[in-house]
Amino acid sequence: MSASTSYVRPGLTATRLGTCEPDLLVDLWLDRLLVVAEPAEGLDPDRAYDRLALWGRLLRCRPELIRNAGGSAAWNEVHERTRGQLPDLATAASAVADPDGWLREAVSLADTCDDGALEGDLAEWAEQLLTDLDDADLVVYASHLAGLDCAALEQGLERCYTWLADNADRFFSCGVFVQALGQAMRPDLAVVDLDLAATADKFIVLLDALEDAETLIAPSPITVGSLPTPEWPLIRQGSLAMAADVPVSAGLVRRRWRSPDGGYRALLVIDPAVEVASVRLNLFRGDESATELAGAAVSLGGCPALVDANGHAEWAVEDLLRAEREGQVFHLLVSRWSEPWTAEQEAG
Amino acid sequence: MHPPSPHELLRGHLPHPSEAGRQAPFFHSTQAALHHLRDHVLTAPECEGWMVVSPPINAHLDLTDGRQRAAYVQAAEQSGGPSAQPVFDLYRQAAADACRDAATLNWHATLGRDTVALGTSGVFVLLEDGCVQTAYLPGQGSAEAVQTSRTGLPGVLPRDRGLMRRRPDRADRERRAQDQREGQWSDQERLYYRVYRPAVQFIRRRYHSNVGLDGRVRQAEGLLKAVLPTMSQLSLDDWRMCRARVSPGGTA
């Protein structure tokens with residue numbers, strides 16, 4: 001998957017590396033649709049809601065993904081049956097969605113991001129919220145096809161879109177899911193069904209924001225402010241040490257930064273006496289390693305890295321030397337904050 | 001390592017899923033072992049899954065009774081572990097079976113120091129440096145319940161979830177419908193529908209949460225989906241064939 005479309009962004013790292021799994025999503029959706037579409041007594045509102053949402057979601061997909069999931073025949077059968085029952089299903093599902101509830105939960109997610117929850121937990125929650133919003137969109141789409149008026153629900157969903165567009169970064173934790181979802185979409189969706197394509201607009205907003213964020217932390221010249229760097233000539237000697245492995249003692253040079261909101265600290269220790277190939281930055285929240293930043297993109301002197309599960313980020317000394325030769329300013333940027341971290345300085 | 005005294009919990013070992021012949025310690029300490037027993041086997045709602053995976057546990061306590069579970073945990077903590085030995089042995093047995101299944105079916109993955117495995121009963125095992133770190137039933141528990149059992153306080157995650165749905169009685173109605181369906185299931189079907197299938201779904205569903213924006217898989221669990229069956233290969237008959245392969249005398 002390399003062709004660029006509104007839904008597929010080959011420049012995004014996870015997409016470029018091929019770690020998104022649209023097949024897996026389609027497999028899960030189809031499996032769930034077959035369960036909720038099983039004949040049952042009466043029309044349960046939640047099952048009707050789920051069925052319409054999953055049906056719409058699979059309509060948006062590239063047909064070959066449904067074939068790959070081994071479900072073409074089952075899909076065709078459920079598709080026809082669902083289309084035939086649209087008015088009943090849409091009526092049953094009409095009272096399920098609660099956009100105000102979604103907004104409350106979205107604010108809760110944003111608060112939890114600020115509380116420093118684990119990236120994996122946030123990813124799961126953000127993915128669930130996004131799916132919930134998408135479900136509601138797809139149910140509205142199906143309701144329109146069935147000729148139902150859902151103006152009130154649509155107004156509520158408008159508020160949700162506005163929140164999402166204003167807070168797109170809160171969904172970065174599920175950015176890989178968003179990329180996979182985009183890859184599952186048929187590229188000609190807007191030609192095939194403009195109304196259905198409109199349900200996917202929120203993913204375009206998120207993909208745009210993800211691209212902007214990755215561009216921000218990419219190794220490009222950084223021009224904001226300047227940090228006095230009397231110690232950086234040490235890099236020229238190739239004499240850096242990983243902070244975690246070296247007891248702080250006389251002769252070590254420590255570099256410190258504080259996050260723009262003051263909640264986090266970063267520490268880099270340089271040992272002029274030891275020659276190493278890489279240098280590690282330790283990130284802290286209070287006295288604890290900032291493991292909740294795992295997966296966050298970080299840039300030092302324009303050199304990109306990622307925070308690992310232990311709250312560390314590591315660079316090759318060679319890369320930092322090159323950055324210094326190129327005249328880069330050694331700002332520290334972490335993807336959660338748009339501003340550079342404030343440098344503090346201490347000689348050990 | 002000193003030999004365990006009769007007053008200590010015997011943690012034991014289980015077969016390493018990816019290294020034939022290697023025995024993996026079941027937790028690195030008594031405290032860790034008891035915590036995981038409490039957080040998974042003895043915490044609702046996951047305990048309901050353990051009743052299905054290991055029915056003999058019910059001979060020792062009624063897992064549906066929250067007070068009995070709490071008393072069992074309290075006694076285990078006061079005794080330093082030995083009072084929980086019978087249930088702990090069943091917990092270890094289920095995890096050992098999972099590791100054996102995973103070795104036979106190749107349902108395991110390794111990332112760095114971590115190895116993960118899933119058995120045909122839906123028991124997931126995580127090992128770090130060859131030592132079991134946890135064993136649980138994916139898709140059965142709730143992070144909040146585990147957090148609450150540890151601290152007595154609600155955790156940071158999750159707060160209110162699924163608020164897009166305006167139906168507070170949904171869980172009760174689903175439970176009633178579930179009970180009705182389950183009444184017609186055999187023990188094997190119950191294991192398949194209640195525990196195994198949700199476990200595979202859960203692992204597959206969580207895949208993208210386990211991948212960072214740098215495209216790297218954060219946890220070994222994220223690699224497991226590649227070796228597990230897809231949902232379309234997950235019928236009851238498919239599962240029965242897997243069970244036959246791992247049963248004594250099965251064709252590996």
# chains A, B, ... in the order shown; residues from 1 in each chain; ligands from 1
call {"tool": "residues_around", "arguments": {"residues": "B:Ala103", "least_positions_apart": "6", "cutoff": "9 Å", "atoms": "only C-alpha atoms", "output": "PyMOL selection string"}}
result
chain B and resi 15-20+117+119
call {"tool": "residues_around", "arguments": {"residues": "stretch 128-140 of chain A", "least_positions_apart": "6", "cutoff": "8 Å", "atoms": "only C-alpha atoms", "output": "list in words"}}
result
Tyr49, Asp50, Leu52, Ala53, Leu54, Gly56, Arg57, Ala90, Ala93, Ala97, Trp102, Glu105, Ala106, Cys150, Leu153, Glu154, Leu157, Cys160, Leu196, Thr199 and Ala200 of chain A; Gly162 and Met164 of chain B
call {"tool": "write_last_selection", "arguments": {"atoms": "C-alpha atoms", "output": "compact mmCIF listing (two decimals), in the first residue's frame"}}
result
# COMPACT_ATOMS: atom_id res chain seq x y z
CA TYR A 49 -27.30 -0.07 16.00
CA ASP A 50 -24.23 -2.31 15.84
CA LEU A 52 -26.05 -0.73 10.84
CA ALA A 53 -22.68 0.63 11.94
CA LEU A 54 -20.77 -2.49 10.92
CA GLY A 56 -21.80 0.83 6.76
CA ARG A 57 -18.20 0.33 7.81
CA ALA A 90 -32.87 2.35 11.64
CA ALA A 93 -31.44 2.09 16.50
CA ALA A 97 -26.67 7.39 20.21
CA TRP A 102 -19.55 11.05 23.82
CA GLU A 105 -16.11 10.93 27.58
CA ALA A 106 -13.90 12.75 25.08
CA CYS A 150 -32.29 12.44 12.43
CA LEU A 153 -28.72 13.55 16.33
CA GLU A 154 -26.84 15.19 13.48
CA LEU A 157 -22.68 14.90 16.15
CA CYS A 160 -18.53 16.05 18.41
CA LEU A 196 -20.85 7.39 2.88
CA THR A 199 -18.67 9.58 7.34
CA ALA A 200 -14.94 9.13 6.81
CA GLY B 162 -18.99 3.76 25.99
CA MET B 164 -22.17 7.25 23.16
call {"tool": "closest_residue", "arguments": {"among": "B:Asn210, B:Arg245, B:Asn106, B:Ala199", "to": "A:Cys174", "atoms": "only C-alpha atoms"}}
result
B:Asn210
call {"tool": "interface_residues", "arguments": {"of": "chain B", "to": "chain A", "cutoff": "6 Å", "atoms": "only C-alpha atoms", "output": "ChimeraX atom specification"}}
result
/B:163-166,208-209,212-215
call {"tool": "residues_around", "arguments": {"residues": "B:Glu221", "least_positions_apart": "5", "cutoff": "10 Å", "atoms": "only C-alpha atoms", "output": "JSON, numbers by chain"}}
result
{"B": [108, 109, 110, 111, 114, 115, 116, 117, 118, 124, 125, 126, 203, 204, 206, 207, 210, 226]}
call {"tool": "residues_around", "arguments": {"residues": "A:Leu164", "least_positions_apart": "2", "cutoff": "10 Å", "atoms": "only C-alpha atoms", "output": "MDAnalysis selection string"}}
result
chainID A and resid 103 106 130 133 158:162 166:171 202 205:206
call {"tool": "write_last_selection", "arguments": {"atoms": "all heavy atoms", "output": "compact mmCIF listing (two decimals), in the first residue's frame"}}
result
# COMPACT_ATOMS: atom_id res chain seq x y z
N LEU A 103 -19.22 13.43 24.13
CA LEU A 103 -18.40 14.62 24.43
C LEU A 103 -17.85 14.57 25.86
O LEU A 103 -16.70 14.91 26.10
CB LEU A 103 -19.24 15.88 24.25
CG LEU A 103 -19.36 16.38 22.80
CD1 LEU A 103 -20.41 17.48 22.69
CD2 LEU A 103 -18.01 16.89 22.30
N ALA A 106 -15.05 12.21 25.81
CA ALA A 106 -13.90 12.75 25.08
C ALA A 106 -13.11 13.71 25.98
O ALA A 106 -11.87 13.69 26.00
CB ALA A 106 -14.37 13.46 23.81
N LEU A 130 -13.26 6.84 19.05
CA LEU A 130 -13.34 7.14 17.63
C LEU A 130 -14.32 6.18 16.95
O LEU A 130 -15.12 6.58 16.09
CB LEU A 130 -11.95 7.00 17.02
CG LEU A 130 -11.68 7.67 15.70
CD1 LEU A 130 -12.03 9.14 15.74
CD2 LEU A 130 -10.21 7.49 15.33
N LEU A 133 -17.88 7.21 17.70
CA LEU A 133 -18.33 8.35 16.90
C LEU A 133 -18.63 7.88 15.47
O LEU A 133 -19.63 8.28 14.86
CB LEU A 133 -17.25 9.44 16.89
CG LEU A 133 -17.59 10.73 16.15
CD1 LEU A 133 -18.85 11.37 16.71
CD2 LEU A 133 -16.43 11.71 16.21
N GLU A 158 -22.42 17.09 15.15
CA GLU A 158 -21.64 18.25 14.70
C GLU A 158 -20.74 18.76 15.83
O GLU A 158 -19.59 19.13 15.62
CB GLU A 158 -22.56 19.38 14.22
CG GLU A 158 -23.06 19.25 12.79
CD GLU A 158 -21.93 19.24 11.77
OE1 GLU A 158 -20.91 19.91 11.99
OE2 GLU A 158 -22.07 18.52 10.75
N ARG A 159 -21.31 18.80 17.03
CA ARG A 159 -20.52 19.26 18.19
C ARG A 159 -19.34 18.30 18.43
O ARG A 159 -18.25 18.73 18.79
CB ARG A 159 -21.40 19.35 19.44
CG ARG A 159 -22.45 20.45 19.37
CD ARG A 159 -23.03 20.76 20.75
NE ARG A 159 -23.69 19.63 21.38
CZ ARG A 159 -24.96 19.28 21.14
NH1 ARG A 159 -25.69 19.99 20.31
NH2 ARG A 159 -25.50 18.24 21.74
N CYS A 160 -19.61 17.03 18.22
CA CYS A 160 -18.53 16.05 18.41
C CYS A 160 -17.42 16.27 17.37
O CYS A 160 -16.23 16.21 17.70
CB CYS A 160 -19.06 14.61 18.28
SG CYS A 160 -20.30 14.19 19.50
N TYR A 161 -17.80 16.53 16.12
CA TYR A 161 -16.78 16.73 15.08
C TYR A 161 -15.94 17.96 15.41
O TYR A 161 -14.72 17.97 15.22
CB TYR A 161 -17.40 16.97 13.70
CG TYR A 161 -18.36 15.91 13.25
CD1 TYR A 161 -19.50 16.24 12.53
CD2 TYR A 161 -18.14 14.57 13.53
CE1 TYR A 161 -20.40 15.29 12.12
CE2 TYR A 161 -19.02 13.61 13.12
CZ TYR A 161 -20.16 13.96 12.42
OH TYR A 161 -21.04 13.02 12.03
N THR A 162 -16.64 19.00 15.88
CA THR A 162 -15.91 20.24 16.20
C THR A 162 -14.88 19.95 17.28
O THR A 162 -13.72 20.37 17.20
CB THR A 162 -16.90 21.33 16.67
OG1 THR A 162 -17.88 21.50 15.64
CG2 THR A 162 -16.19 22.64 16.95
N ASP A 166 -10.79 20.15 16.92
CA ASP A 166 -10.01 21.04 17.80
C ASP A 166 -9.04 20.27 18.69
O ASP A 166 -8.14 20.87 19.29
CB ASP A 166 -10.96 21.84 18.71
CG ASP A 166 -11.76 22.87 17.92
OD1 ASP A 166 -11.36 23.15 16.78
OD2 ASP A 166 -12.77 23.36 18.44
N ASN A 167 -9.27 18.98 18.84
CA ASN A 167 -8.45 18.18 19.76
C ASN A 167 -7.89 16.94 19.08
O ASN A 167 -7.78 15.87 19.70
CB ASN A 167 -9.30 17.76 20.97
CG ASN A 167 -9.76 18.94 21.79
OD1 ASN A 167 -9.06 19.40 22.66
ND2 ASN A 167 -10.94 19.46 21.49
N ALA A 168 -7.54 17.12 17.82
CA ALA A 168 -7.08 15.95 17.05
C ALA A 168 -5.89 15.26 17.72
O ALA A 168 -5.76 14.03 17.66
CB ALA A 168 -6.72 16.38 15.63
N ASP A 169 -5.06 16.04 18.40
CA ASP A 169 -3.86 15.43 19.00
C ASP A 169 -4.22 14.44 20.10
O ASP A 169 -3.42 13.57 20.44
CB ASP A 169 -2.93 16.51 19.55
CG ASP A 169 -3.59 17.38 20.59
OD1 ASP A 169 -4.80 17.65 20.48
OD2 ASP A 169 -2.91 17.80 21.55
N ARG A 170 -5.42 14.55 20.67
CA ARG A 170 -5.82 13.60 21.71
C ARG A 170 -6.01 12.20 21.14
O ARG A 170 -6.13 11.24 21.90
CB ARG A 170 -7.13 14.04 22.39
CG ARG A 170 -7.06 15.43 23.01
CD ARG A 170 -5.92 15.52 24.00
NE ARG A 170 -5.97 16.74 24.77
CZ ARG A 170 -5.12 17.05 25.73
NH1 ARG A 170 -4.12 16.23 26.01
NH2 ARG A 170 -5.24 18.17 26.41
N PHE A 171 -6.09 12.13 19.82
CA PHE A 171 -6.29 10.83 19.19
C PHE A 171 -5.00 10.30 18.56
O PHE A 171 -5.02 9.27 17.90
CB PHE A 171 -7.41 10.92 18.14
CG PHE A 171 -8.76 11.15 18.75
CD1 PHE A 171 -9.22 12.43 18.99
CD2 PHE A 171 -9.56 10.08 19.14
CE1 PHE A 171 -10.45 12.65 19.59
CE2 PHE A 171 -10.79 10.30 19.75
CZ PHE A 171 -11.24 11.58 19.97
N LYS A 202 -13.77 12.51 9.21
CA LYS A 202 -13.04 12.69 10.48
C LYS A 202 -11.67 12.01 10.45
O LYS A 202 -10.73 12.48 11.08
CB LYS A 202 -13.87 12.17 11.67
CG LYS A 202 -14.30 10.72 11.53
CD LYS A 202 -15.28 10.36 12.63
CE LYS A 202 -16.01 9.06 12.38
NZ LYS A 202 -16.92 9.11 11.21
N VAL A 205 -9.29 14.31 8.74
CA VAL A 205 -8.84 15.35 9.68
C VAL A 205 -7.71 14.81 10.55
O VAL A 205 -6.68 15.47 10.75
CB VAL A 205 -10.02 15.81 10.56
CG1 VAL A 205 -9.54 16.67 11.72
CG2 VAL A 205 -11.05 16.56 9.73
N LEU A 206 -7.89 13.60 11.07
CA LEU A 206 -6.87 13.02 11.95
C LEU A 206 -5.59 12.69 11.19
O LEU A 206 -4.48 12.89 11.69
CB LEU A 206 -7.42 11.78 12.65
CG LEU A 206 -8.56 12.03 13.64
CD1 LEU A 206 -9.05 10.72 14.24
CD2 LEU A 206 -8.11 12.96 14.76
call {"tool": "atom_distance", "arguments": {"atom1": "atom CA of B:Arg69", "atom2": "atom CA of B:Gln184"}}
result
27.7 Å
call {"tool": "closest_residue", "arguments": {"among": "B:Trp239, B:Ala70, B:Ala24, B:Val195", "to": "B:Cys99", "atoms": "only C-alpha atoms"}}
result
B:Ala24
call {"tool": "atom_distance", "arguments": {"atom1": "atom CA of B:Val211", "atom2": "atom CA of A:Arg9"}}
result
16.9 Å
call {"tool": "closest_residue", "arguments": {"among": "A:Pro39, A:Gly302, A:Pro260, A:Gly311", "to": "A:Ser289", "atoms": "only C-alpha atoms"}}
result
A:Gly311
call {"tool": "residues_around", "arguments": {"residues": "B:Cys131", "least_positions_apart": "5", "cutoff": "8 Å", "atoms": "only C-alpha atoms", "output": "compact mmCIF listing (two decimals) with all heavy atoms, in the first residue's frame"}}
result
# COMPACT_ATOMS: atom_id res chain seq x y z
N ALA B 24 10.13 -22.73 33.05
CA ALA B 24 10.05 -21.31 33.42
C ALA B 24 9.46 -21.18 34.82
O ALA B 24 8.39 -21.73 35.09
CB ALA B 24 9.19 -20.57 32.41
N PRO B 25 10.12 -20.45 35.71
CA PRO B 25 9.54 -20.22 37.04
C PRO B 25 8.19 -19.51 36.91
O PRO B 25 8.04 -18.61 36.07
CB PRO B 25 10.55 -19.31 37.74
CG PRO B 25 11.80 -19.41 36.94
CD PRO B 25 11.41 -19.76 35.54
N PHE B 26 7.24 -19.95 37.73
CA PHE B 26 5.91 -19.33 37.70
C PHE B 26 5.95 -18.16 38.69
O PHE B 26 5.70 -18.33 39.87
CB PHE B 26 4.86 -20.36 38.09
CG PHE B 26 3.44 -19.95 37.75
CD1 PHE B 26 3.12 -19.46 36.50
CD2 PHE B 26 2.43 -20.08 38.68
CE1 PHE B 26 1.81 -19.09 36.17
CE2 PHE B 26 1.12 -19.71 38.37
CZ PHE B 26 0.82 -19.21 37.11
N PHE B 27 6.31 -17.01 38.19
CA PHE B 27 6.50 -15.76 38.92
C PHE B 27 7.83 -15.75 39.66
O PHE B 27 8.38 -16.78 39.98
CB PHE B 27 5.34 -15.47 39.90
CG PHE B 27 4.02 -15.30 39.19
CD1 PHE B 27 3.07 -16.31 39.19
CD2 PHE B 27 3.75 -14.15 38.49
CE1 PHE B 27 1.87 -16.16 38.52
CE2 PHE B 27 2.54 -13.98 37.81
CZ PHE B 27 1.60 -15.00 37.83
N HIS B 28 8.32 -14.53 39.85
CA HIS B 28 9.66 -14.38 40.43
C HIS B 28 9.62 -14.28 41.95
O HIS B 28 10.65 -14.37 42.60
CB HIS B 28 10.36 -13.16 39.85
CG HIS B 28 9.64 -11.86 40.11
ND1 HIS B 28 9.76 -11.18 41.28
CD2 HIS B 28 8.77 -11.16 39.36
CE1 HIS B 28 9.00 -10.10 41.23
NE2 HIS B 28 8.38 -10.07 40.08
call {"tool": "atom_distance", "arguments": {"atom1": "atom CA of A:Ala290", "atom2": "atom CA of A:Leu321"}}
result
26.5 Å
